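Colleague: Take a look at structure-v8.cif, mmCIF, C-alpha atoms and all ligand atoms:
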```cif
data_entry
loop_
_atom_site.group_PDB
_atom_site.id
_atom_site.type_symbol
_atom_site.label_atom_id
_atom_site.label_comp_id
_atom_site.auth_asym_id
_atom_site.auth_seq_id
_atom_site.Cartn_x
_atom_site.Cartn_y
_atom_site.Cartn_z
ATOM 1 C CA MET A 1 4.725 -22.423 7.583
ATOM 2 C CA SER A 2 3.067 -22.582 4.173
ATOM 3 C CA ASN A 3 0.023 -21.033 5.858
ATOM 4 C CA ALA A 4 1.701 -17.634 5.896
ATOM 5 C CA ARG A 5 0.142 -14.989 3.663
ATOM 6 C CA PHE A 6 1.283 -11.529 2.632
ATOM 7 C CA ILE A 7 -1.476 -8.996 1.957
ATOM 8 C CA THR A 8 -1.134 -5.370 0.887
ATOM 9 C CA LEU A 9 -3.658 -2.537 0.800
ATOM 10 C CA GLU A 10 -3.358 0.166 -1.817
ATOM 11 C CA GLY A 11 -5.231 3.259 -2.906
ATOM 12 C CA LEU A 12 -5.304 7.020 -2.676
ATOM 13 C CA ASP A 13 -5.347 8.758 0.683
ATOM 14 C CA GLY A 14 -8.936 8.734 1.833
ATOM 15 C CA ALA A 15 -9.726 5.505 -0.044
ATOM 16 C CA GLY A 16 -10.252 3.615 3.211
ATOM 17 C CA LYS A 17 -7.022 1.645 3.734
ATOM 18 C CA SER A 18 -6.816 2.303 7.487
ATOM 19 C CA THR A 19 -10.529 1.641 7.926
ATOM 20 C CA HIS A 20 -10.363 -1.724 6.169
ATOM 21 C CA LEU A 21 -7.114 -2.647 7.886
ATOM 22 C CA THR A 22 -9.032 -2.538 11.158
ATOM 23 C CA PHE A 23 -11.682 -4.794 9.634
ATOM 24 C CA ILE A 24 -9.016 -7.237 8.411
ATOM 25 C CA ARG A 25 -7.431 -7.272 11.867
ATOM 26 C CA GLN A 26 -10.790 -8.214 13.426
ATOM 27 C CA TRP A 27 -11.534 -10.838 10.774
ATOM 28 C CA LEU A 28 -8.155 -12.543 11.193
ATOM 29 C CA GLN A 29 -8.515 -12.445 14.976
ATOM 30 C CA GLN A 30 -11.926 -14.156 14.713
ATOM 31 C CA GLN A 31 -10.364 -16.889 12.590
ATOM 32 C CA GLY A 32 -7.575 -17.330 15.116
ATOM 33 C CA ILE A 33 -4.972 -16.383 12.515
ATOM 34 C CA ASP A 34 -1.736 -14.899 13.859
ATOM 35 C CA ALA A 35 -0.971 -11.725 11.947
ATOM 36 C CA VAL A 36 1.266 -8.680 12.048
ATOM 37 C CA PHE A 37 0.322 -5.303 10.641
ATOM 38 C CA THR A 38 2.658 -2.770 9.172
ATOM 39 C CA ARG A 39 2.807 0.220 6.860
ATOM 40 C CA GLU A 40 4.930 1.889 4.212
ATOM 41 C CA PRO A 41 6.922 3.925 4.133
ATOM 42 C CA GLY A 42 7.809 2.952 7.704
ATOM 43 C CA GLY A 43 7.081 -0.102 9.800
ATOM 44 C CA THR A 44 10.569 -0.274 11.339
ATOM 45 C CA PRO A 45 12.503 2.219 13.520
ATOM 46 C CA LEU A 46 14.621 3.333 10.544
ATOM 47 C CA GLY A 47 11.659 3.160 8.177
ATOM 48 C CA GLU A 48 9.600 5.473 10.374
ATOM 49 C CA LYS A 49 12.446 8.021 10.342
ATOM 50 C CA LEU A 50 12.534 7.785 6.549
ATOM 51 C CA ARG A 51 8.738 8.168 6.510
ATOM 52 C CA ASP A 52 9.021 11.423 8.454
ATOM 53 C CA ILE A 53 11.513 12.726 5.888
ATOM 54 C CA LEU A 54 9.508 11.533 2.885
ATOM 55 C CA LEU A 55 6.200 13.023 4.054
ATOM 56 C CA ASP A 56 7.670 16.310 5.362
ATOM 57 C CA ILE A 57 6.571 19.153 3.083
ATOM 58 C CA ASP A 58 9.953 20.841 3.707
ATOM 59 C CA THR A 59 11.898 17.920 2.227
ATOM 60 C CA ASP A 60 13.520 18.586 -1.132
ATOM 61 C CA ALA A 61 14.516 15.413 -2.947
ATOM 62 C CA THR A 62 15.161 14.612 -6.571
ATOM 63 C CA LEU A 63 12.924 11.932 -8.069
ATOM 64 C CA ASP A 64 15.471 9.144 -7.927
ATOM 65 C CA THR A 65 16.432 10.014 -4.354
ATOM 66 C CA GLU A 66 12.792 9.883 -3.278
ATOM 67 C CA THR A 67 12.428 6.498 -4.978
ATOM 68 C CA LEU A 68 15.609 5.167 -3.363
ATOM 69 C CA LEU A 69 14.471 6.291 0.089
ATOM 70 C CA MET A 70 11.178 4.454 -0.425
ATOM 71 C CA PHE A 71 13.087 1.300 -1.276
ATOM 72 C CA ALA A 72 15.511 1.790 1.617
ATOM 73 C CA SER A 73 12.528 1.792 3.964
ATOM 74 C CA ARG A 74 11.137 -1.255 2.116
ATOM 75 C CA GLN A 75 14.422 -3.167 2.326
ATOM 76 C CA GLU A 76 14.499 -2.678 6.086
ATOM 77 C CA LEU A 77 10.855 -3.781 6.417
ATOM 78 C CA ILE A 78 11.341 -6.874 4.272
ATOM 79 C CA SER A 79 14.538 -7.951 6.045
ATOM 80 C CA THR A 80 13.448 -7.362 9.622
ATOM 81 C CA VAL A 81 9.663 -7.847 9.546
ATOM 82 C CA ILE A 82 8.071 -9.324 6.436
ATOM 83 C CA ARG A 83 10.416 -12.237 5.710
ATOM 84 C CA PRO A 84 10.946 -13.287 9.356
ATOM 85 C CA GLN A 85 7.214 -13.125 10.153
ATOM 86 C CA LEU A 86 6.222 -15.058 7.035
ATOM 87 C CA ALA A 87 8.915 -17.621 7.867
ATOM 88 C CA ALA A 88 7.320 -17.953 11.316
ATOM 89 C CA GLY A 89 4.002 -18.766 9.634
ATOM 90 C CA LYS A 90 2.312 -15.434 10.341
ATOM 91 C CA TRP A 91 0.152 -13.425 8.016
ATOM 92 C CA VAL A 92 1.616 -10.014 7.219
ATOM 93 C CA VAL A 93 -0.699 -7.157 6.252
ATOM 94 C CA SER A 94 0.824 -3.924 4.978
ATOM 95 C CA ASP A 95 -0.805 -0.530 4.461
ATOM 96 C CA ARG A 96 0.876 0.156 1.065
ATOM 97 C CA PHE A 97 3.827 -1.631 -0.591
ATOM 98 C CA THR A 98 5.652 -1.534 -3.931
ATOM 99 C CA ASP A 99 2.559 -0.845 -6.047
ATOM 100 C CA ALA A 100 2.466 2.532 -4.290
ATOM 101 C CA THR A 101 5.960 3.325 -5.605
ATOM 102 C CA PHE A 102 4.885 2.442 -9.143
ATOM 103 C CA ALA A 103 1.766 4.604 -8.652
ATOM 104 C CA TYR A 104 3.224 7.663 -6.866
ATOM 105 C CA GLN A 105 6.862 7.869 -7.995
ATOM 106 C CA GLY A 106 6.078 6.249 -11.356
ATOM 107 C CA GLY A 107 2.595 7.415 -12.334
ATOM 108 C CA GLY A 108 2.539 10.560 -10.222
ATOM 109 C CA ARG A 109 6.088 11.851 -10.643
ATOM 110 C CA GLY A 110 7.143 10.167 -13.876
ATOM 111 C CA VAL A 111 9.960 7.847 -12.773
ATOM 112 C CA PRO A 112 10.137 5.196 -15.528
ATOM 113 C CA ALA A 113 8.634 1.873 -14.436
ATOM 114 C CA GLU A 114 11.774 0.040 -15.605
ATOM 115 C CA ARG A 115 13.875 1.950 -13.067
ATOM 116 C CA ILE A 116 11.459 1.075 -10.277
ATOM 117 C CA ALA A 117 11.417 -2.557 -11.420
ATOM 118 C CA VAL A 118 15.216 -2.742 -11.004
ATOM 119 C CA LEU A 119 14.882 -1.769 -7.346
ATOM 120 C CA GLU A 120 11.885 -4.063 -6.897
ATOM 121 C CA HIS A 121 13.992 -7.027 -8.026
ATOM 122 C CA TRP A 122 16.907 -5.928 -5.862
ATOM 123 C CA VAL A 123 15.017 -5.674 -2.575
ATOM 124 C CA GLN A 124 12.249 -8.238 -3.096
ATOM 125 C CA GLN A 125 14.124 -11.051 -4.827
ATOM 126 C CA GLY A 126 10.831 -12.411 -6.075
ATOM 127 C CA LEU A 127 8.831 -11.700 -2.921
ATOM 128 C CA GLN A 128 5.313 -10.557 -3.898
ATOM 129 C CA PRO A 129 2.081 -10.173 -1.956
ATOM 130 C CA HIS A 130 -0.329 -13.114 -2.232
ATOM 131 C CA LEU A 131 -3.165 -10.590 -2.364
ATOM 132 C CA THR A 132 -3.262 -6.860 -3.043
ATOM 133 C CA ILE A 133 -6.515 -5.082 -2.275
ATOM 134 C CA LEU A 134 -6.813 -1.929 -4.374
ATOM 135 C CA LEU A 135 -9.380 0.443 -2.936
ATOM 136 C CA ASP A 136 -10.272 2.432 -6.008
ATOM 137 C CA VAL A 137 -12.064 5.690 -5.478
ATOM 138 C CA PRO A 138 -12.742 8.839 -7.504
ATOM 139 C CA LEU A 139 -10.477 11.673 -6.442
ATOM 140 C CA GLU A 140 -13.389 13.894 -5.386
ATOM 141 C CA VAL A 141 -14.689 11.246 -2.998
ATOM 142 C CA ALA A 142 -11.255 10.698 -1.434
ATOM 143 C CA ARG A 143 -10.741 14.450 -1.122
ATOM 144 C CA ALA A 144 -14.116 15.014 0.520
ATOM 145 C CA ARG A 145 -13.408 12.312 3.094
ATOM 146 C CA LEU A 146 -10.104 13.870 4.110
ATOM 147 C CA GLU A 147 -11.437 17.409 4.232
ATOM 148 C CA GLY A 148 -10.303 19.106 7.417
ATOM 149 C CA SER A 149 -8.999 15.896 8.987
ATOM 150 C CA ARG A 150 -5.346 17.003 9.140
ATOM 151 C CA LEU A 151 -2.737 19.043 7.301
ATOM 152 C CA PRO A 152 -1.819 17.525 3.923
ATOM 153 C CA ASP A 153 1.608 15.821 3.723
ATOM 154 C CA ARG A 154 4.152 16.124 0.879
ATOM 155 C CA PHE A 155 2.146 13.801 -1.387
ATOM 156 C CA GLU A 156 -1.340 14.870 -0.352
ATOM 157 C CA GLN A 157 -0.518 18.470 -1.224
ATOM 158 C CA GLU A 158 0.176 17.530 -4.856
ATOM 159 C CA ARG A 159 -2.169 18.783 -7.548
ATOM 160 C CA GLU A 160 -5.221 16.972 -8.811
ATOM 161 C CA ASP A 161 -3.603 15.685 -12.018
ATOM 162 C CA PHE A 162 -0.864 14.036 -9.926
ATOM 163 C CA HIS A 163 -3.464 12.031 -8.005
ATOM 164 C CA GLN A 164 -5.348 11.181 -11.183
ATOM 165 C CA ARG A 165 -2.140 9.692 -12.614
ATOM 166 C CA VAL A 166 -1.582 7.784 -9.362
ATOM 167 C CA ARG A 167 -5.088 6.324 -9.565
ATOM 168 C CA GLN A 168 -4.675 5.360 -13.224
ATOM 169 C CA MET A 169 -1.314 3.688 -12.567
ATOM 170 C CA TYR A 170 -2.825 1.667 -9.716
ATOM 171 C CA LEU A 171 -5.590 0.499 -12.065
ATOM 172 C CA ALA A 172 -3.061 -0.350 -14.781
ATOM 173 C CA ARG A 173 -1.023 -2.397 -12.290
ATOM 174 C CA ALA A 174 -4.167 -4.259 -11.250
ATOM 175 C CA GLN A 175 -5.085 -4.979 -14.841
ATOM 176 C CA ALA A 176 -1.583 -6.315 -15.531
ATOM 177 C CA ASN A 177 -1.662 -8.562 -12.425
ATOM 178 C CA PRO A 178 -5.252 -9.791 -12.153
ATOM 179 C CA GLN A 179 -4.335 -12.924 -10.185
ATOM 180 C CA ARG A 180 -2.809 -10.860 -7.366
ATOM 181 C CA PHE A 181 -5.178 -7.870 -7.275
ATOM 182 C CA LEU A 182 -8.668 -7.487 -5.886
ATOM 183 C CA VAL A 183 -10.009 -4.129 -7.092
ATOM 184 C CA LEU A 184 -12.877 -2.770 -5.031
ATOM 185 C CA ASP A 185 -15.039 0.271 -5.584
ATOM 186 C CA ALA A 186 -14.100 2.093 -2.399
ATOM 187 C CA SER A 187 -16.868 4.646 -2.804
ATOM 188 C CA SER A 188 -19.513 2.021 -2.021
ATOM 189 C CA GLU A 189 -20.937 1.190 1.423
ATOM 190 C CA LEU A 190 -18.438 -0.008 4.032
ATOM 191 C CA ALA A 191 -20.427 -3.200 4.669
ATOM 192 C CA ALA A 192 -20.433 -4.133 0.979
ATOM 193 C CA ILE A 193 -16.682 -3.606 0.678
ATOM 194 C CA GLN A 194 -16.031 -5.603 3.834
ATOM 195 C CA GLN A 195 -18.094 -8.496 2.546
ATOM 196 C CA ARG A 196 -15.858 -8.661 -0.541
ATOM 197 C CA ILE A 197 -12.720 -8.424 1.593
ATOM 198 C CA ALA A 198 -13.900 -11.206 3.914
ATOM 199 C CA ALA A 199 -14.600 -13.452 0.924
ATOM 200 C CA ALA A 200 -11.134 -12.796 -0.493
ATOM 201 C CA LEU A 201 -9.486 -13.529 2.861
ATOM 202 C CA ALA A 202 -11.437 -16.757 3.222
ATOM 203 C CA ALA A 203 -10.377 -17.831 -0.271
ATOM 204 C CA LEU A 204 -6.776 -16.986 0.540
ATOM 205 C CA GLN A 205 -6.969 -19.022 3.743
ATOM 206 C CA ASP A 206 -8.292 -22.038 1.824
ATOM 207 C CA ALA A 207 -5.775 -21.713 -1.005
ATOM 208 C CA GLY A 208 -2.616 -23.835 -1.132
HETATM 209 N N1 LIG B 1 -16.688 3.197 2.073
HETATM 210 C C1 LIG B 1 -16.685 4.293 2.838
HETATM 211 N N2 LIG B 1 -17.809 5.013 2.998
HETATM 212 C C2 LIG B 1 -17.813 6.109 3.755
HETATM 213 N N3 LIG B 1 -16.744 6.599 4.418
HETATM 214 C C3 LIG B 1 -15.583 5.933 4.304
HETATM 215 C C4 LIG B 1 -15.492 4.743 3.525
HETATM 216 N N4 LIG B 1 -14.215 4.295 3.584
HETATM 217 C C5 LIG B 1 -13.542 5.166 4.376
HETATM 218 N N5 LIG B 1 -14.359 6.141 4.826
HETATM 219 C C6 LIG B 1 -13.965 7.286 5.686
HETATM 220 O O1 LIG B 1 -13.029 8.066 4.944
HETATM 221 C C7 LIG B 1 -12.022 8.571 5.822
HETATM 222 C C8 LIG B 1 -10.654 8.133 5.289
HETATM 223 O O2 LIG B 1 -10.524 6.721 5.430
HETATM 224 P P1 LIG B 1 -9.133 6.044 5.793
HETATM 225 O O3 LIG B 1 -9.423 4.629 6.134
HETATM 226 O O4 LIG B 1 -8.389 6.856 6.791
HETATM 227 O O5 LIG B 1 -8.401 6.121 4.364
HETATM 228 P P2 LIG B 1 -6.858 5.901 4.004
HETATM 229 O O6 LIG B 1 -6.232 5.140 5.135
HETATM 230 O O7 LIG B 1 -6.895 5.123 2.722
HETATM 231 O O8 LIG B 1 -6.280 7.267 3.814
HETATM 232 C C9 LIG B 1 -12.332 8.053 7.207
HETATM 233 O O9 LIG B 1 -13.010 9.061 7.906
HETATM 234 C C10 LIG B 1 -13.237 6.858 6.951
HETATM 235 O O10 LIG B 1 -14.151 6.656 8.008
HETATM 236 MG MG MG B 2 -4.517 5.511 6.244
#
```
Take the structure in this file and express it as structure tokens.
Ligand SMILES: Nc1ncnc2c1ncn2[C@@H]1O[C@H](COP(=O)(O)OP(=O)(O)O)[C@@H](O)[C@H]1O
Ligand SMILES: [Mg+2]
Modeller:
Amino acid sequence: MSNARFITLEGLDGAGKSTHLTFIRQWLQQQGIDAVFTREPGGTPLGEKLRDILLDIDTDATLDTETLLMFASRQELISTVIRPQLAAGKWVVSDRFTDATFAYQGGGRGVPAERIAVLEHWVQQGLQPHLTILLDVPLEVARARLEGSRLPDRFEQEREDFHQRVRQMYLARAQANPQRFLVLDASSELAAIQQRIAAALAALQDAG
């Protein structure tokens, strides 16, 4: 049971979260580690409905409402997926988690971190990822990768300065929590990044 690990992937759209999630899935499978994979916002039937609302460019929501919807989705994911799976000894890997709320709603939109922290304590009750992989990438690189791939969602369509603030808040969070974060230069070669991720996963497997 104590073998269970909770890992989150963070970074701008186009940083490589989905790509490296696939790598992590393969690595864990090779090690014979039972794992479940999820994403935020979403990951549950209700959460996916909230995701549709949150990413829809036609959605109008005040800042606090947007933040509360993010945490509503998170509460559902924690209660019905993350806690039960960890209790069953499984590894849980999530494409985004609470650091994204601090980065997007906090850094990007300007919701004070103290307000977000209140909700974090409410829904997480001390639950934190064992490892958060921050895929840090210059905005231009992320943009170029996404070019023409699909229509931008409600966050992707934000202006450049919004995304710069998101990136800086992610880096600030990493600096404040160095024991939890692994910050990787996501503009480097895939193989080099994956080597670092594999090493971190192996260390996590050996720990405790
Ligand atoms: N290190 C990298 N070098 C080159 N291309 C990359 C790298 N990481 C991701 N990509 C490409 O960038 C695009 C966006 O990656 P993706 O994993 O979907 O990012 P995210 O899930 O963070 O939005 C994909 O086409 C992917 O193949
Ligand atoms: Mg993705």
Colleague: Expand the PyMOL selection byres (((not hetatm)) within 7 of (chain B and resi 2)) into the individual residues it matches in the shown file, reporting them as a PyMOL selection string.
Modeller: chain A and resi 13+16-18
Colleague: State, in Å with one decimal place, the distance from atom CA of A:Arg173 to atom CA of A:Val118.
Modeller: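 Between atom CA of A:Arg173 and atom CA of A:Val118 the gap works out to 16.3 Å.
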Colleague: Residues near stretch 73-87 of chain A, anyone? I mean within 8 Å using all atoms listed in the file, not counting same-chain ones fewer than 4 positions away, as a ChimeraX atom specification.
Modeller: /A:1,4-6,36,40-44,46-48,50-51,69,91-92,97,123-124
Colleague: In terms of the shortest atom-to-atom distance over all atoms listed in the file, which of A:Asp56, A:Glu189, A:Asp99, A:Asp161 is closest to ligand LIG 1 (chain B)?
Modeller: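 For ligand LIG 1 (chain B), the nearest of the candidates is A:Glu189.
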Colleague: Pick out the closest residue to ligand LIG 1 (chain B) from this set: A:Leu55, A:Leu184, A:Met169, A:Met70. Count only C-alpha atoms and all ligand atoms.
Modeller: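 When distances to ligand LIG 1 (chain B) are compared using only C-alpha atoms and all ligand atoms, the smallest one comes from A:Leu184.
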Colleague: For ligand LIG 1 (chain B), return the neighbouring residues as a PyMOL selection string (distance at most 12 Å; all atoms listed in the file).
Modeller: chain A and resi 9-23+39-40+94-96+100+133-150+152-153+155-156+184-195
Colleague: In Å, with one decimal, what is the gap from atom CA of A:Leu28 to atom CA of A:Leu127?
Modeller: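 We find that atom CA of A:Leu28 and atom CA of A:Leu127 lie 22.1 Å from each other.
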Colleague: Which residue gives the smallest distance to A:Asp64 among A:Arg154, A:Arg109, A:Arg165, A:Arg159, with all atoms listed in the file counted?
Modeller: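 Once distances to A:Asp64 are computed over all atoms listed in the file, the minimum belongs to A:Arg109.
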Colleague: My list of candidates is A:Ile53, A:Leu131, A:Ala35, A:Leu119. Which is closest to A:Gly89 when distances are computed with all atoms listed in the file?
Modeller: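 The closest residue to A:Gly89 is A:Ala35.
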Colleague: Find the smallest box with edges along x, y and z containing every listed atom of stretch 58-69 of chain A, then add 8 Å on each side and report centre and edge lengths in Å to one decimal, as AutoDock Vina command-line options.
Modeller:
```
--center_x 13.2 --center_y 13.0 --center_z -2.2 --size_x 22.5 --size_y 31.7 --size_z 27.8
```
